[in-house]
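As provided, model_33.txt (compact mmCIF, C-alpha atoms) reads as follows.
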# COMPACT_ATOMS: atom_id res chain seq x y z
CA MET A 1 11.11 -8.17 -31.71
CA GLN A 2 11.91 -11.89 -31.71
CA GLY A 3 12.07 -12.03 -27.91
CA ALA A 4 13.93 -15.32 -27.69
CA GLY A 5 16.30 -16.92 -30.17
CA SER A 6 16.11 -20.34 -31.81
CA ASN A 7 16.08 -23.44 -29.57
CA ASN A 8 15.07 -21.23 -26.62
CA GLY A 9 18.37 -19.36 -26.81
CA LEU A 10 18.75 -15.80 -25.54
CA TYR A 11 20.01 -12.80 -27.46
CA PHE A 12 23.09 -11.07 -26.13
CA PRO A 13 25.15 -8.13 -27.43
CA GLU A 14 28.06 -9.17 -29.64
CA GLU A 15 30.03 -6.34 -28.06
CA ILE A 16 29.72 -4.36 -24.83
CA LYS A 17 31.62 -1.11 -25.31
CA GLU A 18 33.30 0.49 -22.33
CA LYS A 19 32.12 4.07 -21.76
CA ALA A 20 34.69 6.82 -22.30
CA ARG A 21 36.07 8.75 -19.33
CA ASP A 22 34.15 11.84 -20.52
CA PHE A 23 30.89 10.01 -19.80
CA PHE A 24 31.82 9.59 -16.14
CA ASN A 25 33.09 13.18 -15.93
CA ASP A 26 29.74 14.45 -17.22
CA ILE A 27 27.48 12.00 -15.39
CA ASP A 28 26.52 14.37 -12.58
CA ALA A 29 24.84 16.77 -15.03
CA CYS A 30 22.62 14.06 -16.57
CA THR A 31 18.93 13.41 -15.98
CA PHE A 32 17.93 9.74 -15.91
CA PRO A 33 16.50 9.83 -19.50
CA GLN A 34 19.71 11.52 -20.75
CA MET A 35 21.88 8.96 -19.00
CA ALA A 36 19.74 6.13 -20.39
CA THR A 37 20.08 7.50 -23.91
CA GLU A 38 23.87 7.78 -23.62
CA ILE A 39 24.10 4.17 -22.39
CA LEU A 40 21.51 2.51 -24.64
CA TYR A 41 22.50 4.28 -27.86
CA ASP A 42 25.52 1.95 -28.07
CA PHE A 43 23.04 -0.91 -28.60
CA ALA A 44 20.26 0.91 -30.50
CA GLU A 45 22.02 3.15 -33.02
CA ALA A 46 21.27 0.81 -35.95
CA ASP A 47 17.53 1.20 -35.34
CA PHE A 48 16.96 4.67 -33.89
CA THR A 49 18.43 8.11 -34.20
CA TYR A 50 19.80 9.64 -30.99
CA GLN A 51 16.80 11.99 -30.81
CA GLU A 52 14.30 9.14 -31.32
CA LEU A 53 15.95 7.21 -28.49
CA LEU A 54 15.97 10.28 -26.24
CA ASP A 55 12.24 10.74 -26.91
CA ILE A 56 11.62 7.06 -26.06
CA CYS A 57 13.62 7.33 -22.83
CA THR A 58 11.94 10.60 -21.83
CA ARG A 59 8.47 9.04 -22.18
CA ALA A 60 9.47 5.76 -20.51
CA PHE A 61 11.41 7.08 -17.54
CA ASN A 62 9.07 9.73 -16.16
CA PHE A 63 9.32 8.73 -12.47
CA PRO A 64 12.00 9.19 -9.79
CA ILE A 65 14.56 6.54 -8.73
CA PRO A 66 15.98 7.90 -5.47
CA LEU A 67 18.91 6.55 -3.47
CA VAL A 68 17.83 6.58 0.18
CA LYS A 69 20.28 6.35 3.08
CA VAL A 70 19.32 3.53 5.44
CA ASN A 71 22.28 3.71 7.80
CA GLU A 72 25.84 5.01 7.85
CA ARG A 73 27.11 2.61 5.19
CA ILE A 74 24.06 1.23 3.38
CA TYR A 75 21.66 2.80 0.86
CA SER A 76 18.44 1.61 -0.77
CA LEU A 77 17.93 2.28 -4.48
CA GLU A 78 14.15 2.64 -4.62
CA LEU A 79 12.94 1.23 -7.91
CA PHE A 80 9.22 1.17 -7.05
CA HIS A 81 8.11 4.71 -7.91
CA GLY A 82 6.82 3.84 -11.41
CA PRO A 83 3.19 3.13 -12.38
CA SER A 84 3.13 -0.53 -11.25
CA LEU A 85 5.22 0.12 -8.11
CA ALA A 86 8.05 -2.27 -9.05
CA PHE A 87 11.49 -2.18 -10.68
CA LYS A 88 10.09 -3.91 -13.76
CA ASP A 89 8.63 -0.54 -14.83
CA VAL A 90 12.11 0.52 -15.99
CA GLY A 91 12.48 -2.26 -18.55
CA ALA A 92 8.79 -2.71 -19.39
CA ARG A 93 8.10 0.95 -20.14
CA PHE A 94 11.18 1.21 -22.34
CA LEU A 95 10.25 -1.95 -24.24
CA ALA A 96 6.65 -0.75 -24.63
CA GLU A 97 7.82 2.50 -26.22
CA VAL A 98 10.16 0.60 -28.55
CA LEU A 99 7.48 -1.89 -29.62
CA LYS A 100 4.98 0.92 -30.13
CA LYS A 101 7.45 2.51 -32.53
CA ILE A 102 7.94 -0.79 -34.36
CA ALA A 103 4.17 -1.43 -34.57
CA GLU A 104 3.68 2.06 -36.03
CA LYS A 105 6.41 1.54 -38.62
CA GLU A 106 5.38 -1.99 -39.65
CA GLY A 107 1.61 -1.70 -39.23
CA GLU A 108 1.27 -5.24 -37.84
CA GLU A 109 -0.32 -6.50 -34.65
CA ILE A 110 2.14 -7.74 -32.02
CA THR A 111 1.37 -10.28 -29.27
CA VAL A 112 3.52 -10.00 -26.16
CA LEU A 113 3.82 -13.22 -24.10
CA VAL A 114 4.88 -12.73 -20.49
CA ALA A 115 5.63 -15.29 -17.79
CA THR A 116 5.50 -13.57 -14.42
CA SER A 117 6.07 -14.35 -10.77
CA GLY A 118 4.27 -11.11 -9.94
CA ASP A 119 5.84 -7.77 -10.74
CA THR A 120 6.83 -8.28 -14.38
CA GLY A 121 3.23 -8.90 -15.37
CA SER A 122 1.81 -5.83 -13.68
CA ALA A 123 4.57 -3.59 -15.09
CA VAL A 124 3.97 -4.92 -18.60
CA ALA A 125 0.19 -4.65 -18.25
CA ARG A 126 0.41 -1.01 -17.15
CA SER A 127 2.95 -0.19 -19.87
CA PHE A 128 0.98 -1.75 -22.76
CA PHE A 129 -2.62 -1.15 -21.64
CA ASN A 130 -4.75 0.13 -24.54
CA VAL A 131 -1.72 0.47 -26.84
CA GLU A 132 -3.04 0.10 -30.37
CA GLY A 133 -1.67 -2.89 -32.28
CA ILE A 134 -0.32 -4.72 -29.21
CA ARG A 135 -1.96 -7.55 -27.25
CA VAL A 136 -0.46 -8.90 -24.01
CA VAL A 137 -0.86 -12.43 -22.62
CA LEU A 138 0.23 -12.78 -18.97
CA LEU A 139 0.97 -16.23 -17.51
CA TYR A 140 1.28 -16.39 -13.72
CA PRO A 141 1.50 -19.36 -11.30
CA SER A 142 -1.73 -20.02 -9.42
CA GLU A 143 -1.61 -19.24 -5.68
CA LYS A 144 2.09 -18.32 -5.90
CA VAL A 145 1.76 -14.55 -6.13
CA SER A 146 0.48 -12.27 -3.37
CA LYS A 147 -3.23 -11.35 -3.42
CA ILE A 148 -2.41 -7.75 -4.25
CA GLN A 149 -0.05 -8.83 -7.04
CA GLU A 150 -2.81 -11.02 -8.52
CA LYS A 151 -5.13 -8.01 -8.58
CA THR A 152 -2.54 -6.06 -10.60
CA LEU A 153 -2.39 -8.94 -13.11
CA THR A 154 -6.07 -9.72 -13.57
CA THR A 155 -8.14 -6.53 -13.35
CA MET A 156 -7.23 -4.55 -16.46
CA GLY A 157 -9.05 -6.36 -19.29
CA GLY A 158 -9.00 -4.83 -22.76
CA ASN A 159 -5.85 -5.88 -24.60
CA ILE A 160 -4.43 -7.56 -21.45
CA LEU A 161 -5.28 -11.30 -21.21
CA SER A 162 -4.38 -13.19 -18.02
CA LEU A 163 -3.76 -16.93 -17.66
CA GLU A 164 -3.63 -18.50 -14.20
CA VAL A 165 -1.31 -21.48 -14.73
CA MET A 166 -1.68 -24.47 -12.41
CA GLY A 167 2.03 -24.79 -11.76
CA THR A 168 5.17 -22.82 -10.94
CA PHE A 169 6.84 -19.79 -12.52
CA ASP A 170 9.24 -22.19 -14.27
CA ASP A 171 6.18 -23.88 -15.86
CA CYS A 172 4.92 -20.49 -17.06
CA GLN A 173 8.32 -19.65 -18.49
CA ASN A 174 8.57 -23.00 -20.27
CA LEU A 175 5.16 -22.51 -21.92
CA VAL A 176 6.28 -19.13 -23.26
CA LYS A 177 9.61 -20.52 -24.51
CA LYS A 178 7.87 -23.42 -26.29
CA ALA A 179 5.50 -21.01 -28.04
CA PHE A 180 8.45 -18.98 -29.34
CA ALA A 181 10.11 -22.16 -30.60
CA ASP A 182 6.91 -23.39 -32.31
CA LYS A 183 7.46 -21.60 -35.63
CA GLU A 184 4.99 -23.85 -37.47
CA ALA A 185 2.00 -23.18 -35.19
CA PHE A 186 2.53 -19.43 -35.08
CA ALA A 187 3.78 -18.73 -38.58
CA GLY A 188 2.63 -15.29 -39.63
CA LYS A 189 2.07 -14.16 -36.04
CA LYS A 190 4.27 -11.50 -34.45
CA LEU A 191 5.14 -12.98 -31.05
CA THR A 192 7.57 -11.33 -28.68
CA SER A 193 8.35 -11.35 -24.98
CA ALA A 194 8.50 -8.67 -22.30
CA ASN A 195 10.29 -10.88 -19.80
CA SER A 196 13.95 -10.28 -19.12
CA ILE A 197 14.64 -13.03 -21.67
CA ASN A 198 13.96 -10.18 -24.13
CA VAL A 199 17.17 -8.20 -24.39
CA GLY A 200 15.12 -5.03 -24.95
CA ARG A 201 13.64 -5.44 -21.45
CA LEU A 202 17.00 -6.30 -19.91
CA LEU A 203 19.34 -3.60 -21.25
CA PRO A 204 17.52 -0.57 -19.74
CA GLN A 205 17.99 -2.12 -16.29
CA ALA A 206 21.74 -1.52 -16.63
CA VAL A 207 21.04 2.22 -16.47
CA TYR A 208 19.91 2.35 -12.86
CA TYR A 209 23.21 0.90 -11.66
CA PHE A 210 24.92 3.97 -13.14
CA TRP A 211 22.18 6.13 -11.60
CA ALA A 212 22.80 4.67 -8.13
CA TRP A 213 26.55 5.29 -8.45
CA HIS A 214 25.91 8.84 -9.68
CA GLN A 215 23.92 9.65 -6.49
CA LEU A 216 26.78 8.67 -4.14
CA SER A 217 29.46 11.08 -2.92
CA GLU A 218 32.90 10.97 -4.55
CA ALA A 219 34.36 9.23 -1.49
CA GLU A 220 31.59 6.59 -1.44
CA ARG A 221 31.96 5.87 -5.16
CA LYS A 222 35.45 4.45 -4.60
CA ASN A 223 34.33 1.31 -2.78
CA VAL A 224 30.79 0.39 -3.82
CA VAL A 225 29.14 -3.01 -3.41
CA ILE A 226 25.65 -3.60 -4.85
CA SER A 227 23.35 -6.28 -3.44
CA VAL A 228 20.81 -7.56 -5.96
CA PRO A 229 17.71 -9.58 -4.96
CA SER A 230 18.01 -12.41 -7.47
CA GLY A 231 15.46 -14.84 -8.92
CA ASN A 232 15.60 -15.16 -12.70
CA TYR A 233 18.91 -13.20 -12.70
CA GLY A 234 17.93 -10.54 -15.23
CA ASN A 235 18.69 -7.82 -12.68
CA LEU A 236 22.15 -9.16 -11.92
CA SER A 237 22.82 -9.72 -15.64
CA ALA A 238 22.04 -6.05 -16.22
CA GLY A 239 24.44 -5.17 -13.40
CA GLY A 240 27.12 -7.26 -15.09
CA ILE A 241 26.54 -5.40 -18.36
CA ALA A 242 26.90 -2.08 -16.52
CA TRP A 243 30.16 -3.33 -15.01
CA LYS A 244 31.42 -4.39 -18.44
CA MET A 245 30.60 -0.87 -19.68
CA GLY A 246 33.00 0.50 -17.07
CA LEU A 247 30.79 1.17 -14.05
CA PRO A 248 33.34 1.33 -11.21
CA VAL A 249 31.60 -1.04 -8.81
CA LYS A 250 33.84 -3.23 -6.67
CA ARG A 251 31.53 -6.23 -6.41
CA PHE A 252 27.96 -7.53 -6.59
CA ILE A 253 26.09 -9.69 -4.11
CA ALA A 254 23.64 -12.28 -5.46
CA ALA A 255 21.07 -12.07 -2.64
CA SER A 256 18.85 -15.14 -2.86
CA ASN A 257 16.12 -16.90 -0.95
CA ILE A 258 16.36 -20.68 -0.43
CA ASN A 259 16.02 -21.20 -4.19
CA LYS A 260 19.80 -21.04 -4.30
CA VAL A 261 20.86 -22.67 -7.55
CA VAL A 262 23.23 -19.79 -8.39
CA PRO A 263 24.70 -19.33 -4.87
CA ASP A 264 25.46 -23.07 -4.92
CA TYR A 265 27.14 -22.65 -8.31
CA LEU A 266 29.22 -19.76 -7.00
CA GLU A 267 30.40 -21.93 -4.11
CA SER A 268 31.02 -25.13 -6.07
CA GLY A 269 31.25 -24.36 -9.79
CA ASN A 270 28.42 -26.85 -10.40
CA TYR A 271 25.17 -25.50 -11.90
CA GLN A 272 22.29 -27.80 -10.98
CA PRO A 273 18.69 -26.64 -11.66
CA ARG A 274 16.00 -27.94 -9.30
CA ASP A 275 12.29 -27.47 -8.60
CA ALA A 276 11.47 -24.08 -7.11
CA VAL A 277 10.35 -23.87 -3.48
CA ARG A 278 7.68 -21.37 -2.44
CA THR A 279 8.87 -18.52 -0.17
CA LEU A 280 7.78 -15.08 1.09
CA SER A 281 9.94 -13.48 -1.64
CA ASN A 282 7.94 -15.10 -4.45
CA ALA A 283 9.52 -13.20 -7.36
CA MET A 284 12.75 -15.05 -6.55
CA ASP A 285 11.17 -18.53 -6.50
CA VAL A 286 12.97 -19.76 -9.62
CA GLY A 287 14.64 -23.16 -9.90
CA ASP A 288 16.30 -22.72 -13.30
CA PRO A 289 17.01 -19.00 -13.83
CA SER A 290 17.03 -18.18 -17.55
CA ASN A 291 19.36 -15.21 -17.37
CA PHE A 292 22.24 -16.85 -15.56
CA VAL A 293 23.48 -18.13 -18.92
CA ARG A 294 24.04 -14.48 -19.86
CA ILE A 295 26.32 -13.97 -16.87
CA ARG A 296 28.24 -17.10 -17.86
CA GLU A 297 28.49 -15.79 -21.44
CA MET A 298 29.78 -12.42 -20.20
CA PHE A 299 32.66 -14.13 -18.42
CA HIS A 300 33.27 -16.94 -20.95
CA ASP A 301 31.94 -19.46 -18.41
CA ASP A 302 34.96 -18.85 -16.18
CA HIS A 303 33.77 -19.78 -12.69
CA GLN A 304 36.69 -18.05 -10.98
CA GLN A 305 36.02 -14.74 -12.77
CA ILE A 306 32.32 -14.87 -11.92
CA LYS A 307 33.05 -15.78 -8.30
CA ALA A 308 35.52 -12.89 -8.00
CA LEU A 309 32.85 -10.35 -9.00
CA ILE A 310 29.76 -11.90 -7.35
CA ARG A 311 29.43 -13.05 -3.76
CA PRO A 312 26.48 -15.27 -2.82
CA PHE A 313 24.08 -14.67 0.05
CA VAL A 314 21.07 -16.79 1.03
CA ALA A 315 18.23 -15.96 3.47
CA ASN A 316 15.32 -18.13 4.53
CA ASP A 317 11.82 -16.83 5.37
CA ASP A 318 12.57 -16.35 9.08
CA GLN A 319 15.66 -14.30 8.24
CA THR A 320 13.63 -12.31 5.70
CA ARG A 321 11.02 -11.39 8.33
CA GLU A 322 13.82 -10.47 10.73
CA GLY A 323 15.43 -8.29 8.04
CA ILE A 324 12.15 -6.42 7.43
CA ASN A 325 11.75 -5.92 11.19
CA LYS A 326 15.33 -4.73 11.79
CA LEU A 327 15.19 -2.26 8.92
CA TYR A 328 12.01 -0.80 10.38
CA THR A 329 13.00 -0.73 14.06
CA GLU A 330 16.63 0.33 13.61
CA SER A 331 16.37 2.61 10.56
CA ASN A 332 12.66 3.50 10.32
CA TYR A 333 12.72 2.06 6.79
CA THR A 334 9.98 -0.18 5.39
CA ALA A 335 11.16 -2.79 2.88
CA ASP A 336 9.41 -5.52 0.93
CA PRO A 337 10.67 -9.13 1.34
CA HIS A 338 12.94 -8.94 -1.74
CA GLY A 339 14.52 -5.65 -0.68
CA ALA A 340 15.00 -7.05 2.83
CA ILE A 341 17.05 -9.93 1.41
CA GLY A 342 19.09 -7.39 -0.58
CA TYR A 343 19.70 -5.45 2.64
CA LEU A 344 20.76 -8.61 4.48
CA GLY A 345 23.16 -9.31 1.61
CA CYS A 346 24.84 -5.96 2.31
CA LYS A 347 24.91 -6.56 6.05
CA ASN A 348 26.44 -10.01 5.73
CA ARG A 349 28.71 -9.80 2.68
CA MET A 350 30.26 -6.31 2.85
CA ASP A 351 33.79 -5.69 4.05
CA GLY A 352 34.59 -2.99 6.63
CA ASN A 353 35.44 -0.07 4.35
CA GLU A 354 32.73 -0.57 1.71
CA THR A 355 29.57 1.36 0.88
CA GLY A 356 26.58 -0.89 0.19
CA VAL A 357 23.59 -0.31 -2.09
CA PHE A 358 20.69 -2.76 -2.18
CA LEU A 359 17.93 -2.72 -4.77
CA GLU A 360 14.47 -2.17 -3.29
CA THR A 361 12.52 -3.81 -6.08
CA ALA A 362 8.85 -3.40 -5.09
CA HIS A 363 6.67 -1.16 -2.95
CA PRO A 364 6.23 -2.85 0.45
CA ALA A 365 2.44 -2.48 0.17
CA LYS A 366 2.48 -5.12 -2.59
CA PHE A 367 3.35 -7.55 0.22
CA LYS A 368 1.14 -5.87 2.80
CA ASP A 369 0.34 -8.94 4.95
CA ILE A 370 3.95 -10.13 5.21
CA VAL A 371 5.35 -6.68 5.93
CA GLU A 372 2.69 -5.78 8.51
CA GLU A 373 3.23 -9.08 10.34
CA SER A 374 6.98 -8.38 10.40
CA ILE A 375 6.86 -4.76 11.62
CA HIS A 376 3.63 -5.01 13.69
CA THR A 377 2.40 -1.81 12.07
CA GLU A 378 -0.21 -1.16 9.40
CA ILE A 379 1.04 0.25 6.12
CA GLU A 380 -1.02 2.42 3.80
CA LEU A 381 -1.85 1.28 0.28
CA PRO A 382 -0.81 3.66 -2.53
CA GLU A 383 -3.67 5.01 -4.63
CA TYR A 384 -3.14 2.56 -7.51
CA LEU A 385 -3.41 -0.47 -5.21
CA ARG A 386 -6.48 0.98 -3.46
CA GLU A 387 -8.21 1.52 -6.81
CA ILE A 388 -7.91 -2.11 -7.95
CA GLN A 389 -9.00 -3.80 -4.72
CA ASN A 390 -12.68 -4.05 -5.70
CA LYS A 391 -12.21 -4.68 -9.40
CA PRO A 392 -13.31 -8.14 -10.62
CA LYS A 393 -10.69 -10.76 -11.46
CA GLN A 394 -10.49 -11.51 -15.20
CA SER A 395 -8.36 -14.58 -15.86
CA THR A 396 -8.50 -18.05 -17.40
CA GLN A 397 -7.20 -21.10 -15.56
CA MET A 398 -4.71 -23.11 -17.61
CA PRO A 399 -2.93 -26.42 -16.89
CA ALA A 400 0.86 -26.41 -17.29
CA ASP A 401 0.39 -28.26 -20.59
CA TYR A 402 1.83 -26.82 -23.80
CA ASN A 403 -0.80 -28.35 -26.13
CA LYS A 404 -3.63 -26.77 -24.09
CA PHE A 405 -1.78 -23.44 -24.04
CA LYS A 406 -1.10 -23.58 -27.79
CA GLU A 407 -4.77 -24.34 -28.49
CA TRP A 408 -5.91 -21.40 -26.34
CA LEU A 409 -3.31 -19.08 -27.89
CA MET A 410 -4.29 -19.96 -31.46
CA GLU A 411 -7.92 -19.16 -30.65
CA ASN A 412 -7.19 -15.86 -28.91
CA ILE A 413 -4.51 -14.08 -30.93
Whole structure, structure tokens version:
Amino acid sequence: MQGAGSNNGLYFPEEIKEKARDFFNDIDACTFPQMATEILYDFAEADFTYQELLDICTRAFNFPIPLVKVNERIYSLELFHGPSLAFKDVGARFLAEVLKKIAEKEGEEITVLVATSGDTGSAVARSFFNVEGIRVVLLYPSEKVSKIQEKTLTTMGGNILSLEVMGTFDDCQNLVKKAFADKEAFAGKKLTSANSINVGRLLPQAVYYFWAWHQLSEAERKNVVISVPSGNYGNLSAGGIAWKMGLPVKRFIAASNINKVVPDYLESGNYQPRDAVRTLSNAMDVGDPSNFVRIREMFHDDHQQIKALIRPFVANDDQTREGINKLYTESNYTADPHGAIGYLGCKNRMDGNETGVFLETAHPAKFKDIVEESIHTEIELPEYLREIQNKPKQSTQMPADYNKFKEWLMENI
């Protein structure tokens, strides 16, 4: 419920229990909601009964997450089949169900603050729309999300309020963090986050790493490498948690665009935040990724341990376009820019006998212009994206100034 800790700190499990061998023996008989319940109950048993958690997972995870073969050695884990067509549906829908339960029990109104570089906001908006007792405030960077993404953030209305921040994603994230730290201004208000800084949004993402592994053959499971498109590093943090729980993955690849603070750290051991640079893969345009501190915590800030488990890969925009094109022409597979970088991570950082899985994090139609330019073919919009095209934009422009944001927030929540 608290979202972030004091002094902008992040919550993290005191203990990550390794799953028993029986879990892996029985994994093939599990549905995704059953697997999620088995994994998340280790963290949630103080708050929910097993049946309550199973009910939450069954409602949250009501869409497929298929593993699709791209070529002989590489698979795509398609995480875009939920309501908002992005991987954020997994965490956002789980968190929405949990907060609904809390709001019912406590009878108080909750305000969810969300900084988004695109897909988080739309997943949260779809998950919380018209939920009684919960208001959502979305902050997104002006002109730094795709046109279709902006439509998903600004056309719902009702209990979803959108702020177009004149700055970067890092500015949006800083405004949210400052609001959480401002206990005096928001005393008596229930503020929480649905970004991956909220551990309740992050933990469910660990489940789909197990789900990907479960869909491989026994022979392929022995030598698996997972390439993770990485921006704010929540996705890779969740992968690290899955690994700590015993998921038998050989290695991860941190697949980045030119905002390569973490790849540089992996090479040098020196973590140096910098201003984000705008790219085609906008959800990864992060100059100071919040969640990387969780990876450092997991491995006691031991650079050598982290480097042994995670290989870096960096692609620029030209390479991203080329990756989208090659996937389409060689494998008849259409990827979004983030998934394409994940694919290139597999292609460039796998060893000869390994099986690669990359996370396809968003439906390619959310980046229609970029993808069509890269593959020279028109792609069809899914029904949800067609429906919102003609809806009016409902958002308020906001400078990247905390005092202005605080003043607006106090008037509107």
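Using only C-alpha atoms, the smallest distance between any of A:Ala212, A:Ile341, A:Ala4, A:Val114 and A:Leu163 comes from A:Val114.
For stretch 240-248 of chain A, the residues within 8 Å (counting all atoms listed in the file, excluding itself and residues fewer than 5 positions away along the chain) are Ile16, Lys17, Glu18, Lys19, Leu203, Ala206, Val207, Tyr209, Phe210, Arg221, Lys222, Val224, Ile295 and Met298 of chain A.
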What lies within 9 Å of stretch 363-365 of chain A using all atoms listed in the file, ignoring chain neighbours under 6 positions off, as a list in words?
-> Glu78, Leu79, Phe80, His81, Leu85, Ala86, Ile148, Thr334, Ala335, Asp336, Pro337, Gly339, Val371, Glu372, Ile379, Glu380, Leu381, Pro382 and Leu385 of chain A
Just write the chosen residues, C-alpha atoms, as a PDB file, in the frame of the given file.
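Resulting contents of result37.pdb:
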ATOM      1  CA  GLU A  78      14.150   2.640  -4.620  1.00  0.00           C
ATOM      2  CA  LEU A  79      12.940   1.230  -7.910  1.00  0.00           C
ATOM      3  CA  PHE A  80       9.220   1.170  -7.050  1.00  0.00           C
ATOM      4  CA  HIS A  81       8.110   4.710  -7.910  1.00  0.00           C
ATOM      5  CA  LEU A  85       5.220   0.120  -8.110  1.00  0.00           C
ATOM      6  CA  ALA A  86       8.050  -2.270  -9.050  1.00  0.00           C
ATOM      7  CA  ILE A 148      -2.410  -7.750  -4.250  1.00  0.00           C
ATOM      8  CA  THR A 334       9.980  -0.180   5.390  1.00  0.00           C
ATOM      9  CA  ALA A 335      11.160  -2.790   2.880  1.00  0.00           C
ATOM     10  CA  ASP A 336       9.410  -5.520   0.930  1.00  0.00           C
ATOM     11  CA  PRO A 337      10.670  -9.130   1.340  1.00  0.00           C
ATOM     12  CA  GLY A 339      14.520  -5.650  -0.680  1.00  0.00           C
ATOM     13  CA  VAL A 371       5.350  -6.680   5.930  1.00  0.00           C
ATOM     14  CA  GLU A 372       2.690  -5.780   8.510  1.00  0.00           C
ATOM     15  CA  ILE A 379       1.040   0.250   6.120  1.00  0.00           C
ATOM     16  CA  GLU A 380      -1.020   2.420   3.800  1.00  0.00           C
ATOM     17  CA  LEU A 381      -1.850   1.280   0.280  1.00  0.00           C
ATOM     18  CA  PRO A 382      -0.810   3.660  -2.530  1.00  0.00           C
ATOM     19  CA  LEU A 385      -3.410  -0.470  -5.210  1.00  0.00           C
TER      20      LEU A 385
END
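Residues within 6 Å of stretch 324-330 of chain A, counting all atoms listed in the file and excluding same-chain residues fewer than 3 positions away, are Arg321, Tyr333, Thr334, Ala335, Ala340, Ser374 and Ile375 of chain A.
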Near stretch 226-231 of chain A, within 6 Å and counting only C-alpha atoms, which residues show up once chain neighbours fewer than 6 positions away are dropped, as a ChimeraX atom specification?
-> /A:252-256,284,286,338,342,345-346,356-359
Spatial neighbours of stretch 97-105 of chain A, max dist 7 Å, only C-alpha atoms, sep filter under 5 positions, as a ChimeraX atom specification | /A:56,60,133
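Ranking A:Val262, A:Val293, A:Leu216, A:Ala187 by their shortest atom-to-atom distance to A:Pro66, with all atoms listed in the file included, puts A:Leu216 first.
Here atom CA of A:Gly323 is placed at a distance of 29.6 Å from atom CA of A:Glu387.
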Separation of atom CA of A:Leu191 from atom CA of A:Gln173 in Å = 14.6 Å
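Taking all atoms listed in the file into account, A:Val68 lies nearest to A:Asn332 out of the set A:Asn332, A:Thr168, A:Asn257, A:Thr116.
Distances to A:Phe32 were evaluated for A:Asn8, A:Asn316, A:Asn348, A:Gln205 using only C-alpha atoms, and the minimum falls at A:Gln205.
What separates atom CA of A:Ile39 from atom CA of A:Phe292 is a distance of 22.2 Å.
Nearest residue to A:Lys347, choosing from A:Ala44, A:Leu139, A:Val225, A:Ile388 and counting all atoms listed in the file: A:Val225.
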Which of these, A:Asn174, A:Thr377, A:Asn232, A:Thr120, has the shortest distance to A:Ser84 once you count all atoms listed in the file?
-> A:Thr120
Axis-aligned box over every listed atom of stretch 76-84 of chain A, padded by 8 Å per side: centre and edges in Å to one decimal, as lines of an AutoDock Vina configuration file?
center_x = 10.8
center_y = 2.1
center_z = -6.6
size_x = 31.3
size_y = 21.2
size_z = 27.6
Can I get stretch 181-193 of chain A with N, CA and C atoms filled in, as a tab-separated table (two decimals), in the frame of the given file?
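Resulting contents of part-v1.tsv:
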chain	number	residue	atom	x	y	z
A	181	ALA	N	9.41	-21.16	-29.79
A	181	ALA	CA	10.11	-22.16	-30.60
A	181	ALA	C	9.20	-22.82	-31.62
A	182	ASP	N	7.89	-22.69	-31.46
A	182	ASP	CA	6.91	-23.39	-32.31
A	182	ASP	C	6.61	-22.53	-33.55
A	183	LYS	N	7.58	-22.48	-34.45
A	183	LYS	CA	7.46	-21.60	-35.63
A	183	LYS	C	6.31	-22.04	-36.54
A	184	GLU	N	6.04	-23.34	-36.58
A	184	GLU	CA	4.99	-23.85	-37.47
A	184	GLU	C	3.61	-23.39	-37.01
A	185	ALA	N	3.33	-23.52	-35.71
A	185	ALA	CA	2.00	-23.18	-35.19
A	185	ALA	C	1.72	-21.69	-35.31
A	186	PHE	N	2.75	-20.87	-35.14
A	186	PHE	CA	2.53	-19.43	-35.08
A	186	PHE	C	3.16	-18.68	-36.25
A	187	ALA	N	3.28	-19.38	-37.36
A	187	ALA	CA	3.78	-18.73	-38.58
A	187	ALA	C	2.85	-17.59	-38.95
A	188	GLY	N	3.44	-16.45	-39.25
A	188	GLY	CA	2.63	-15.29	-39.63
A	188	GLY	C	2.17	-14.45	-38.45
A	189	LYS	N	2.41	-14.93	-37.22
A	189	LYS	CA	2.07	-14.16	-36.04
A	189	LYS	C	3.32	-13.46	-35.50
A	190	LYS	N	3.16	-12.23	-35.05
A	190	LYS	CA	4.27	-11.50	-34.45
A	190	LYS	C	4.25	-11.73	-32.94
A	191	LEU	N	5.05	-12.69	-32.48
A	191	LEU	CA	5.14	-12.98	-31.05
A	191	LEU	C	6.44	-12.41	-30.51
A	192	THR	N	6.35	-11.77	-29.36
A	192	THR	CA	7.57	-11.33	-28.68
A	192	THR	C	7.35	-11.45	-27.18
A	193	SER	N	8.40	-11.22	-26.42
A	193	SER	CA	8.35	-11.35	-24.98
A	193	SER	C	8.66	-10.03	-24.31
